[in-house]
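Below is the file upload.cif, which contains mmCIF, C-alpha atoms.
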```cif
data_structure
loop_
_atom_site.label_atom_id
_atom_site.label_comp_id
_atom_site.auth_asym_id
_atom_site.auth_seq_id
_atom_site.Cartn_x
_atom_site.Cartn_y
_atom_site.Cartn_z
CA MET A 801 -133.06 19.78 -86.31
CA ASP A 802 -133.98 16.97 -83.86
CA ARG A 803 -132.73 17.95 -80.38
CA GLY A 804 -134.02 14.91 -78.53
CA LEU A 805 -131.81 12.93 -76.19
CA PHE A 806 -131.24 10.16 -78.76
CA SER A 807 -131.01 12.20 -81.95
CA LYS A 808 -128.73 10.91 -84.72
CA ASP A 809 -126.09 13.58 -84.21
CA PHE A 810 -125.91 13.21 -80.43
CA THR A 811 -125.75 9.44 -80.88
CA LEU A 812 -122.78 9.87 -83.22
CA VAL A 813 -121.06 11.99 -80.57
CA VAL A 814 -121.69 9.25 -78.02
CA VAL A 815 -120.38 6.45 -80.27
CA GLY A 816 -117.34 8.53 -81.21
CA GLN A 817 -116.70 9.13 -77.52
CA ILE A 818 -116.91 5.40 -76.76
CA ILE A 819 -114.19 4.61 -79.30
CA SER A 820 -112.00 7.64 -78.56
CA LEU A 821 -112.20 7.37 -74.78
CA PHE A 822 -111.42 3.66 -74.88
CA GLY A 823 -108.20 4.44 -76.72
CA ASN A 824 -107.49 7.34 -74.36
CA ALA A 825 -107.97 5.17 -71.26
CA ALA A 826 -105.76 2.40 -72.64
CA VAL A 827 -102.87 4.66 -73.66
CA ARG A 828 -102.97 6.68 -70.43
CA PHE A 829 -102.84 3.39 -68.54
CA ALA A 830 -100.06 1.76 -70.52
CA LEU A 831 -97.56 4.60 -70.96
CA PRO A 832 -97.11 5.65 -67.29
CA LEU A 833 -97.16 2.01 -66.16
CA TYR A 834 -94.40 1.20 -68.66
CA LEU A 835 -92.33 4.05 -67.22
CA LEU A 836 -92.93 2.85 -63.64
CA ASN A 837 -92.00 -0.72 -64.58
CA GLN A 838 -88.78 0.44 -66.22
CA THR A 839 -87.65 2.81 -63.42
CA GLY A 840 -89.43 1.68 -60.23
CA SER A 841 -89.36 5.30 -59.01
CA SER A 842 -92.54 6.92 -57.64
CA ALA A 843 -90.80 10.33 -57.59
CA LEU A 844 -89.97 10.11 -61.31
CA TYR A 845 -93.46 8.79 -62.05
CA GLY A 846 -95.03 11.69 -60.13
CA ALA A 847 -92.78 14.26 -61.82
CA VAL A 848 -93.53 13.00 -65.34
CA THR A 849 -97.30 12.82 -64.76
CA ALA A 850 -97.16 16.30 -63.20
CA CYS A 851 -95.47 17.65 -66.34
CA ALA A 852 -98.09 15.88 -68.46
CA PHE A 853 -100.89 17.88 -66.81
CA LEU A 854 -99.38 21.28 -67.58
CA PRO A 855 -100.39 21.45 -71.29
CA ALA A 856 -103.93 20.37 -70.36
CA ILE A 857 -104.15 23.29 -67.95
CA LEU A 858 -102.76 25.74 -70.50
CA LEU A 859 -104.82 24.50 -73.44
CA SER A 860 -108.21 24.12 -71.74
CA PRO A 861 -108.95 27.88 -71.91
CA VAL A 862 -107.81 27.93 -75.53
CA GLY A 863 -110.00 24.91 -76.23
CA GLY A 864 -113.01 26.65 -74.71
CA ILE A 865 -112.47 29.81 -76.71
CA VAL A 866 -111.96 27.83 -79.91
CA ALA A 867 -115.06 25.73 -79.13
CA ASP A 868 -117.18 28.90 -79.16
CA ARG A 869 -115.68 30.18 -82.43
CA VAL A 870 -114.98 27.05 -84.51
CA ASN A 871 -117.33 24.21 -85.42
CA LYS A 872 -117.02 21.78 -82.50
CA ARG A 873 -117.24 18.78 -84.82
CA ASN A 874 -114.14 19.92 -86.70
CA ILE A 875 -112.25 20.30 -83.43
CA MET A 876 -113.05 16.74 -82.37
CA VAL A 877 -112.15 15.28 -85.77
CA ALA A 878 -108.83 17.13 -86.03
CA LEU A 879 -107.72 16.29 -82.50
CA ASP A 880 -108.56 12.58 -82.84
CA PHE A 881 -106.50 12.35 -86.04
CA PHE A 882 -103.64 14.23 -84.35
CA THR A 883 -103.73 11.89 -81.33
CA ALA A 884 -103.39 8.86 -83.62
CA ALA A 885 -100.36 10.53 -85.22
CA VAL A 886 -98.72 11.27 -81.83
CA ILE A 887 -99.04 7.64 -80.68
CA THR A 888 -97.69 6.40 -84.01
CA VAL A 889 -94.61 8.63 -83.71
CA PHE A 890 -94.02 7.43 -80.13
CA SER A 891 -94.13 3.80 -81.30
CA LEU A 892 -91.55 4.51 -84.01
CA LEU A 893 -89.17 6.38 -81.69
CA MET A 894 -89.44 4.03 -78.69
CA GLY A 895 -86.12 2.33 -78.06
CA GLY A 896 -84.09 4.88 -80.00
CA VAL A 897 -84.70 7.94 -77.78
CA ASN A 898 -84.28 8.54 -74.03
CA LEU A 899 -87.39 6.98 -72.48
CA VAL A 900 -88.06 9.65 -69.85
CA VAL A 901 -87.81 12.51 -72.36
CA LEU A 902 -89.92 10.71 -74.97
CA MET A 903 -92.52 9.69 -72.39
CA THR A 904 -92.74 13.20 -70.96
CA VAL A 905 -93.18 14.87 -74.35
CA THR A 906 -95.73 12.29 -75.51
CA LEU A 907 -97.83 12.49 -72.34
CA MET A 908 -97.71 16.29 -72.45
CA LEU A 909 -99.04 16.20 -76.01
CA LEU A 910 -101.77 13.68 -75.15
CA TYR A 911 -102.93 15.57 -72.07
CA GLY A 912 -102.76 18.86 -73.96
CA ILE A 913 -104.98 17.42 -76.69
CA ALA A 914 -107.43 16.19 -74.05
CA GLY A 915 -107.45 19.65 -72.47
CA ALA A 916 -108.45 21.23 -75.77
CA TYR A 917 -110.83 18.37 -76.67
CA GLN A 918 -113.11 18.18 -73.62
CA PRO A 919 -114.48 21.76 -73.77
CA ALA A 920 -115.60 21.07 -77.35
CA VAL A 921 -117.44 17.90 -76.28
CA GLN A 922 -119.09 19.51 -73.24
CA ALA A 923 -120.02 22.66 -75.18
CA SER A 924 -121.61 20.57 -77.95
CA ILE A 925 -124.26 19.13 -75.62
CA PRO A 926 -126.48 22.26 -75.45
CA ALA A 927 -126.24 22.56 -79.25
CA LEU A 928 -127.42 18.98 -79.83
CA VAL A 929 -130.03 18.42 -77.10
CA SER A 930 -132.78 20.62 -75.67
CA PRO A 931 -132.40 22.09 -72.14
CA GLU A 932 -134.78 19.59 -70.53
CA HIS A 933 -132.47 16.77 -71.68
CA SER A 934 -129.26 18.45 -70.44
CA LEU A 935 -128.83 16.41 -67.24
CA GLY A 936 -129.62 13.17 -69.08
CA ALA A 937 -127.13 13.99 -71.85
CA ASN A 938 -124.39 14.80 -69.33
CA SER A 939 -125.16 11.58 -67.50
CA ILE A 940 -124.80 9.63 -70.77
CA ILE A 941 -121.49 11.31 -71.65
CA ASN A 942 -120.09 10.63 -68.17
CA THR A 943 -121.39 7.06 -68.24
CA ILE A 944 -119.80 6.46 -71.63
CA SER A 945 -116.54 7.96 -70.38
CA SER A 946 -116.58 5.65 -67.37
CA PHE A 947 -117.53 2.61 -69.48
CA ALA A 948 -114.64 3.26 -71.87
CA SER A 949 -112.32 3.87 -68.92
CA LEU A 950 -113.49 0.57 -67.45
CA LEU A 951 -112.66 -1.48 -70.54
CA GLY A 952 -109.53 0.47 -71.49
CA PRO A 953 -107.34 -0.28 -68.44
CA VAL A 954 -108.67 -3.83 -67.98
CA LEU A 955 -108.09 -4.92 -71.58
CA GLY A 956 -104.98 -2.75 -71.77
CA GLY A 957 -103.59 -4.42 -68.65
CA ILE A 958 -104.23 -7.90 -70.04
CA LEU A 959 -102.74 -7.02 -73.43
CA TYR A 960 -99.79 -5.17 -71.89
CA SER A 961 -98.86 -7.93 -69.44
CA ALA A 962 -99.12 -10.59 -72.18
CA TYR A 963 -97.56 -8.87 -75.21
CA GLY A 964 -95.95 -5.62 -74.06
CA LEU A 965 -96.53 -1.99 -74.89
CA LYS A 966 -96.57 -1.85 -78.70
CA PRO A 967 -99.75 -3.90 -79.29
CA VAL A 968 -101.59 -1.60 -76.86
CA LEU A 969 -100.38 1.43 -78.80
CA GLY A 970 -101.50 -0.15 -82.09
CA VAL A 971 -105.01 -0.70 -80.77
CA CYS A 972 -105.14 2.92 -79.54
CA VAL A 973 -104.12 4.31 -82.94
CA VAL A 974 -106.97 2.38 -84.58
CA CYS A 975 -109.44 3.68 -81.95
CA PHE A 976 -108.59 7.34 -82.51
CA PHE A 977 -108.65 6.96 -86.29
CA LEU A 978 -112.10 5.31 -86.23
CA SER A 979 -113.43 7.94 -83.83
CA ALA A 980 -112.29 10.76 -86.13
CA VAL A 981 -113.97 9.13 -89.13
CA MET A 982 -117.20 8.66 -87.14
CA GLU A 983 -117.27 12.31 -86.06
CA ILE A 984 -117.00 13.59 -89.63
CA PHE A 985 -120.69 12.70 -90.12
CA ILE A 986 -121.98 14.78 -87.17
CA ARG A 987 -124.12 17.81 -88.11
CA MET A 988 -123.23 20.42 -85.52
CA PRO A 989 -125.15 23.74 -85.42
CA PHE A 990 -122.65 26.58 -85.58
CA VAL A 991 -122.93 30.36 -85.58
CA ARG A 992 -119.65 32.09 -86.34
CA GLN A 993 -118.63 34.84 -83.90
CA SER A 994 -116.61 37.78 -85.14
CA LEU A 995 -113.07 38.38 -83.91
CA LYS A 996 -112.57 41.32 -81.57
CA GLY A 997 -109.54 42.98 -83.14
CA GLY A 998 -107.18 40.09 -83.83
CA ILE A 999 -106.62 36.58 -82.47
CA TRP A 1000 -104.69 37.42 -79.30
CA LYS A 1001 -106.97 40.28 -78.37
CA THR A 1002 -109.95 37.99 -78.93
CA VAL A 1003 -108.43 35.27 -76.73
CA LYS A 1004 -107.70 37.77 -73.97
CA GLY A 1005 -111.17 39.32 -74.22
CA ASP A 1006 -112.97 35.98 -74.24
CA PHE A 1007 -111.04 34.68 -71.24
CA ALA A 1008 -111.67 37.91 -69.31
CA GLU A 1009 -115.36 37.72 -70.18
CA SER A 1010 -115.69 34.20 -68.79
CA ILE A 1011 -113.81 35.12 -65.60
CA ARG A 1012 -116.04 38.17 -65.18
CA PHE A 1013 -119.16 36.04 -65.61
CA ILE A 1014 -118.01 33.60 -62.92
CA ARG A 1015 -116.94 36.30 -60.47
CA ARG A 1016 -119.84 38.72 -60.80
CA GLU A 1017 -122.87 36.88 -62.15
CA LYS A 1018 -122.25 33.33 -60.87
CA PRO A 1019 -119.88 33.48 -57.86
CA VAL A 1020 -121.23 30.08 -56.81
CA ILE A 1021 -119.09 28.58 -59.58
CA GLY A 1022 -115.99 30.08 -57.97
CA LYS A 1023 -116.81 28.35 -54.69
CA VAL A 1024 -117.25 25.05 -56.47
CA LEU A 1025 -113.85 25.55 -58.10
CA LEU A 1026 -112.12 26.05 -54.75
CA VAL A 1027 -113.54 22.76 -53.50
CA SER A 1028 -112.50 20.99 -56.71
CA CYS A 1029 -108.95 22.33 -56.45
CA GLY A 1030 -108.60 21.12 -52.88
CA ILE A 1031 -109.93 17.64 -53.66
CA ASN A 1032 -107.70 17.38 -56.75
CA LEU A 1033 -104.64 18.40 -54.74
CA PHE A 1034 -105.10 16.05 -51.80
CA LEU A 1035 -107.34 13.20 -52.99
CA SER A 1036 -107.18 12.76 -56.77
CA SER A 1037 -103.40 13.18 -56.87
CA MET A 1038 -102.94 10.57 -54.15
CA ILE A 1039 -104.95 8.04 -56.15
CA ILE A 1040 -103.24 8.87 -59.46
CA VAL A 1041 -99.74 8.43 -58.02
CA GLY A 1042 -100.40 6.09 -55.10
CA LEU A 1043 -102.54 3.42 -56.77
CA PRO A 1044 -100.03 2.25 -59.40
CA TYR A 1045 -97.11 2.63 -56.98
CA MET A 1046 -98.81 0.63 -54.22
CA VAL A 1047 -100.05 -2.15 -56.51
CA THR A 1048 -96.92 -2.64 -58.61
CA GLU A 1049 -94.14 -1.73 -56.17
CA VAL A 1050 -95.31 -1.99 -52.54
CA LEU A 1051 -97.79 -4.83 -52.05
CA GLY A 1052 -95.22 -7.50 -52.92
CA LEU A 1053 -97.15 -9.06 -55.80
CA ASP A 1054 -95.65 -10.86 -58.80
CA ALA A 1055 -94.75 -8.28 -61.47
CA ALA A 1056 -96.99 -9.67 -64.25
CA LEU A 1057 -99.87 -10.19 -61.80
CA ALA A 1058 -99.40 -6.69 -60.36
CA ASN A 1059 -99.68 -5.12 -63.81
CA ARG A 1060 -102.90 -6.99 -64.51
CA LEU A 1061 -104.30 -6.14 -61.07
CA TYR A 1062 -103.46 -2.48 -61.58
CA GLY A 1063 -105.47 -2.66 -64.80
CA PHE A 1064 -108.38 -4.12 -62.83
CA ALA A 1065 -107.99 -1.37 -60.19
CA GLN A 1066 -108.22 1.23 -62.93
CA GLY A 1067 -111.25 -0.69 -64.13
CA ALA A 1068 -112.74 -0.42 -60.63
CA LEU A 1069 -112.33 3.36 -60.79
CA ALA A 1070 -114.03 3.41 -64.17
CA ALA A 1071 -116.78 1.05 -62.98
CA GLY A 1072 -117.44 3.45 -60.12
CA GLY A 1073 -117.68 6.27 -62.62
CA LEU A 1074 -120.08 4.18 -64.70
CA ALA A 1075 -122.27 3.43 -61.68
CA GLY A 1076 -122.15 7.07 -60.64
CA GLY A 1077 -123.12 8.28 -64.11
CA ILE A 1078 -126.07 5.88 -64.27
CA SER A 1079 -127.14 6.87 -60.76
CA ALA A 1080 -126.99 10.55 -61.65
CA GLY A 1081 -129.34 9.90 -64.57
CA ILE A 1082 -131.76 7.79 -62.53
CA PHE A 1083 -131.90 10.15 -59.55
CA ALA A 1084 -131.57 13.39 -61.53
CA LYS A 1085 -134.75 14.92 -60.08
CA LYS A 1086 -133.65 14.19 -56.52
CA LEU A 1087 -130.19 15.77 -56.76
CA GLU A 1088 -130.10 19.06 -54.88
CA ILE A 1089 -127.14 21.41 -54.98
CA ARG A 1090 -127.42 22.22 -51.29
CA LYS A 1091 -126.81 18.53 -50.50
CA ALA A 1092 -123.84 18.15 -52.85
CA GLY A 1093 -121.37 18.48 -49.96
CA THR A 1094 -122.47 15.09 -48.65
CA LEU A 1095 -121.16 13.51 -51.85
CA VAL A 1096 -117.74 15.09 -51.28
CA ILE A 1097 -117.68 13.85 -47.67
CA ALA A 1098 -118.43 10.32 -48.90
CA CYS A 1099 -115.49 10.52 -51.32
CA ALA A 1100 -113.11 11.53 -48.54
CA GLY A 1101 -114.47 8.94 -46.10
CA TRP A 1102 -113.60 6.01 -48.36
CA VAL A 1103 -109.90 6.97 -48.33
CA PHE A 1104 -109.39 5.78 -44.74
CA PRO A 1105 -110.03 2.04 -45.38
CA MET A 1106 -107.39 2.21 -48.14
CA GLY A 1107 -104.73 3.37 -45.70
CA LEU A 1108 -105.78 1.05 -42.89
CA ALA A 1109 -105.78 -1.98 -45.23
CA THR A 1110 -102.07 -1.53 -46.02
CA LEU A 1111 -101.36 -1.27 -42.29
CA VAL A 1112 -103.53 -4.15 -41.04
CA PHE A 1113 -103.35 -6.83 -43.76
CA SER A 1114 -100.16 -8.86 -44.21
CA SER A 1115 -101.51 -10.18 -47.53
CA GLY A 1116 -100.84 -7.86 -50.44
CA LEU A 1117 -103.81 -9.33 -52.32
CA ALA A 1118 -106.20 -8.60 -49.42
CA ALA A 1119 -104.97 -5.01 -49.21
CA TYR A 1120 -105.39 -4.69 -52.97
CA ILE A 1121 -109.02 -5.85 -52.83
CA VAL A 1122 -109.85 -3.25 -50.17
CA MET A 1123 -108.13 -0.52 -52.21
CA ALA A 1124 -110.03 -1.50 -55.36
CA VAL A 1125 -113.38 -1.45 -53.54
CA CYS A 1126 -112.61 1.96 -52.04
CA CYS A 1127 -111.61 3.35 -55.44
CA PHE A 1128 -114.92 2.14 -56.85
CA ALA A 1129 -116.89 3.88 -54.09
CA ILE A 1130 -114.93 7.13 -54.40
CA MET A 1131 -115.65 7.28 -58.12
CA VAL A 1132 -119.38 6.62 -57.64
CA PHE A 1133 -119.83 9.68 -55.45
CA SER A 1134 -117.38 11.93 -57.31
CA THR A 1135 -119.07 11.21 -60.66
CA ILE A 1136 -122.53 12.04 -59.32
CA PHE A 1137 -121.09 15.30 -57.97
CA THR A 1138 -119.39 16.09 -61.31
CA VAL A 1139 -122.54 15.44 -63.37
CA GLN A 1140 -124.60 17.58 -61.02
CA MET A 1141 -122.17 20.50 -61.14
CA MET A 1142 -121.63 20.36 -64.92
CA SER A 1143 -125.38 20.32 -65.63
CA PHE A 1144 -125.85 23.30 -63.33
CA VAL A 1145 -123.14 25.28 -65.14
CA GLN A 1146 -124.52 24.44 -68.61
CA THR A 1147 -128.03 25.44 -67.59
CA GLU A 1148 -127.01 28.74 -66.00
CA THR A 1149 -124.49 29.87 -68.65
CA PRO A 1150 -125.46 31.70 -71.89
CA GLN A 1151 -124.81 29.79 -75.14
CA ASN A 1152 -122.08 32.17 -76.31
CA LEU A 1153 -120.11 31.62 -73.07
CA ILE A 1154 -120.55 27.91 -72.43
CA GLY A 1155 -117.31 26.74 -74.04
CA LYS A 1156 -115.22 29.45 -72.38
CA VAL A 1157 -116.77 29.00 -68.92
CA ILE A 1158 -116.39 25.21 -69.02
CA ALA A 1159 -112.79 25.66 -70.12
CA VAL A 1160 -112.09 27.95 -67.17
CA ILE A 1161 -113.69 25.43 -64.81
CA LEU A 1162 -111.62 22.55 -66.21
CA THR A 1163 -108.45 24.65 -66.20
CA VAL A 1164 -108.71 25.94 -62.65
CA SER A 1165 -109.81 22.58 -61.23
CA MET A 1166 -106.82 20.91 -62.91
CA CYS A 1167 -104.28 23.45 -61.66
CA ALA A 1168 -103.78 21.56 -58.40
CA GLN A 1169 -103.20 18.22 -60.14
CA PRO A 1170 -99.55 18.62 -61.25
CA LEU A 1171 -98.53 19.97 -57.86
CA GLY A 1172 -100.33 17.14 -56.09
CA ASN A 1173 -98.77 14.49 -58.34
CA ALA A 1174 -95.27 15.83 -57.70
CA ILE A 1175 -95.85 16.08 -53.93
CA TYR A 1176 -97.24 12.57 -53.57
CA GLY A 1177 -94.48 11.12 -55.74
CA VAL A 1178 -91.93 12.49 -53.29
CA LEU A 1179 -93.99 11.62 -50.19
CA PHE A 1180 -94.42 7.96 -51.15
CA GLU A 1181 -90.68 7.66 -51.79
CA ILE A 1182 -89.70 9.41 -48.54
CA CYS A 1183 -92.21 7.37 -46.50
CA SER A 1184 -91.09 4.03 -47.91
CA GLY A 1185 -92.40 1.34 -45.56
CA TYR A 1186 -94.98 3.76 -44.11
CA GLU A 1187 -97.08 4.37 -47.21
CA PHE A 1188 -100.25 3.99 -45.15
CA ALA A 1189 -99.41 7.29 -43.40
CA VAL A 1190 -99.42 9.14 -46.73
CA ILE A 1191 -102.85 7.70 -47.60
CA LEU A 1192 -104.30 8.55 -44.18
CA PHE A 1193 -102.90 12.08 -44.47
CA ALA A 1194 -104.74 12.45 -47.79
CA GLY A 1195 -107.95 11.22 -46.15
CA ILE A 1196 -107.74 13.62 -43.20
CA VAL A 1197 -107.12 16.73 -45.31
CA SER A 1198 -109.76 15.71 -47.90
CA LEU A 1199 -112.33 15.18 -45.15
CA ALA A 1200 -111.65 18.65 -43.74
CA ILE A 1201 -112.16 20.15 -47.22
CA ALA A 1202 -115.33 18.09 -47.69
CA ILE A 1203 -116.83 19.35 -44.41
CA GLY A 1204 -116.11 22.91 -45.51
CA ALA A 1205 -117.77 22.12 -48.86
CA LYS A 1206 -120.87 20.83 -47.10
CA ASN A 1207 -121.19 24.15 -45.26
CA ILE A 1208 -120.77 26.08 -48.53
CA PHE A 1209 -123.25 24.03 -50.56
CA GLY A 1210 -125.77 24.03 -47.71
CA LYS A 1211 -126.31 27.75 -48.30
CA PHE A 1212 -127.19 27.33 -52.00
CA SER A 1213 -130.75 27.50 -53.26
CA GLN A 1214 -131.97 24.68 -55.54
#
```
Go through the file and emit its structure as structure tokens.
Amino acid sequence: MDRGLFSKDFTLVVVGQIISLFGNAAVRFALPLYLLNQTGSSALYGAVTACAFLPAILLSPVGGIVADRVNKRNIMVALDFFTAAVITVFSLLMGGVNLVVLMTVTLMLLYGIAGAYQPAVQASIPALVSPEHSLGANSIINTISSFASLLGPVLGGILYSAYGLKPVLGVCVVCFFLSAVMEIFIRMPFVRQSLKGGIWKTVKGDFAESIRFIRREKPVIGKVLLVSCGINLFLSSMIIVGLPYMVTEVLGLDAALANRLYGFAQGALAAGGLAGGISAGIFAKKLEIRKAGTLVIACAGWVFPMGLATLVFSSGLAAYIVMAVCCFAIMVFSTIFTVQMMSFVQTETPQNLIGKVIAVILTVSMCAQPLGNAIYGVLFEICSGYEFAVILFAGIVSLAIAIGAKNIFGKFSQ
């Protein structure tokens, strides 16, 4: 089997990811924005998005275990078809069921699917490409993810502001269906592992094995996880909740324009991820783990102009431009850091543990997200008129975590 970087099977994974992630970015943009437009409440928005993260946290370990014991291609195909079905059901029920309940259940399902889906994609990389191409393959997957996330919110914002929610949902259903069909043709190497005394005992044993590997054989991964949790709690959550709330509710922009601009802001985040993914591939040989803390410091540093812009500028549009630029820069550095860490984990983890270990990493790093979303939803509502203080608070705490991360990573060997 060809295990080069641009083999047919890896290319099919990439193309399937382009289509699937475009639909994912569009639907994750449109659904929460629709809820915020209908309610105008940052607290409700934060609570619903916090609930949406819970299934992703719970299902990521399951997804990793399944990824090591079931053909990864079949997982991707089944979950893409199921996602298309979930969005279709939401479209049919919209207007006849309580919006908050329907939105919460739908987002929980979509995030849960993503939680089970991503370990299968990440674990498929070592099976499809040789070790020397691992960093390049991860860079491509992250770049594709960012490219799809760039187009998804931008086109979704234009389509949503012009025609409403249902056309966006229709496009997303088509994307997931096409992605599933594309993935059917992937030839994925697979060696079946035997169950260890029943399904639940196997799940428990596999999860314990991955935790034991991280704690005893690779404690460096545990330190990386602590940093990720802190950044997710104080930085990522602020952007997830604060960006749509600031753009659509605080900056005083026309409603239709605000929705489009929020789509462009999401596009700026994705463009930063795209630039970061490309940079990680270009400078792969120069990336050193002991210098990774500098990337985290850069992420935290770009938060401060966001807060100061809302305080200094009387023009909502000027403040928006500064926020969009800062979001772009944050994503550049965070994506380089993510690619570097994921490649390190894949290289240092045995094949039979890759799916489980990646699932644990994704699960633990996401644990802080729901709490952060809920906290910032309440903070932005309580600090109405002083939103800049919430953003600056996020910057100060994130910078303190980043400085600690620099000290931790500085002790690592290359």
Gly936 (chain A) environment, 10 Å, all atoms listed in the file, sequence neighbours closer than 6 positions dropped, as a list of chain:residue names: A:Leu805, A:Val929, A:Asn942, A:Gly1077, A:Ile1078, A:Ala1080, A:Gly1081, A:Ile1082, A:Ala1084, A:Val1139, A:Ser1143
Restrict the calculation to only C-alpha atoms, then for each residue of region 827-851 of chain A with any atom at most 10 Å from an atom of region 886-906 of chain A give the closest atom pair and their distance in Å to one decimal, rows by chain and rising residue number, as a tab-separated table.
```
residue	atom	partner	partner_atom	distance
A:Val827	CA	A:Ile887	CA	8.5
A:Leu831	CA	A:Met903	CA	7.3
A:Pro832	CA	A:Met903	CA	8.0
A:Tyr834	CA	A:Met903	CA	9.5
A:Leu835	CA	A:Val900	CA	7.5
A:Gln838	CA	A:Leu899	CA	9.2
A:Thr839	CA	A:Val900	CA	9.4
A:Leu844	CA	A:Val900	CA	8.8
A:Tyr845	CA	A:Val900	CA	9.5
A:Ala847	CA	A:Thr904	CA	9.2
A:Val848	CA	A:Thr904	CA	5.7
A:Thr849	CA	A:Thr904	CA	7.7
A:Ala850	CA	A:Thr904	CA	9.5
A:Cys851	CA	A:Thr904	CA	7.0
```
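Around the coordinate (-105.0, -1.6, -83.5), residues that reach within 12 Å when counting only C-alpha atoms are Ile819, Phe822, Gly823, Ala826, Val827, Ala884, Ile887, Thr888, Gly956, Leu959, Lys966, Pro967, Val968, Leu969, Gly970, Val971, Cys972, Val973, Val974, Cys975, Phe976, Phe977 and Leu978 of chain A.
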Restrict the selected residues to C-alpha atoms and save them as a PDB file, in the coordinates of the input.
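Dumped to selection27.pdb:
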```pdb
ATOM      1  CA  ILE A 819    -114.190   4.610 -79.300  1.00  0.00           C
ATOM      2  CA  PHE A 822    -111.420   3.660 -74.880  1.00  0.00           C
ATOM      3  CA  GLY A 823    -108.200   4.440 -76.720  1.00  0.00           C
ATOM      4  CA  ALA A 826    -105.760   2.400 -72.640  1.00  0.00           C
ATOM      5  CA  VAL A 827    -102.870   4.660 -73.660  1.00  0.00           C
ATOM      6  CA  ALA A 884    -103.390   8.860 -83.620  1.00  0.00           C
ATOM      7  CA  ILE A 887     -99.040   7.640 -80.680  1.00  0.00           C
ATOM      8  CA  THR A 888     -97.690   6.400 -84.010  1.00  0.00           C
ATOM      9  CA  GLY A 956    -104.980  -2.750 -71.770  1.00  0.00           C
ATOM     10  CA  LEU A 959    -102.740  -7.020 -73.430  1.00  0.00           C
ATOM     11  CA  LYS A 966     -96.570  -1.850 -78.700  1.00  0.00           C
ATOM     12  CA  PRO A 967     -99.750  -3.900 -79.290  1.00  0.00           C
ATOM     13  CA  VAL A 968    -101.590  -1.600 -76.860  1.00  0.00           C
ATOM     14  CA  LEU A 969    -100.380   1.430 -78.800  1.00  0.00           C
ATOM     15  CA  GLY A 970    -101.500  -0.150 -82.090  1.00  0.00           C
ATOM     16  CA  VAL A 971    -105.010  -0.700 -80.770  1.00  0.00           C
ATOM     17  CA  CYS A 972    -105.140   2.920 -79.540  1.00  0.00           C
ATOM     18  CA  VAL A 973    -104.120   4.310 -82.940  1.00  0.00           C
ATOM     19  CA  VAL A 974    -106.970   2.380 -84.580  1.00  0.00           C
ATOM     20  CA  CYS A 975    -109.440   3.680 -81.950  1.00  0.00           C
ATOM     21  CA  PHE A 976    -108.590   7.340 -82.510  1.00  0.00           C
ATOM     22  CA  PHE A 977    -108.650   6.960 -86.290  1.00  0.00           C
ATOM     23  CA  LEU A 978    -112.100   5.310 -86.230  1.00  0.00           C
TER      24      LEU A 978
END
```
Find, counting only C-alpha atoms, the residue in A:Lys1018, A:Arg987, A:His933, A:Lys1091 that gets nearest to Ala1202 (chain A).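 Answer, going by the shortest atom-to-atom distance: A:Lys1091.
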Of the listed residues A:Asn1173, A:Ser1184, A:Asn871, A:Thr1138, that which approaches Val1041 (chain A) most closely, counting all atoms listed in the file: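 Closest candidate: A:Asn1173.
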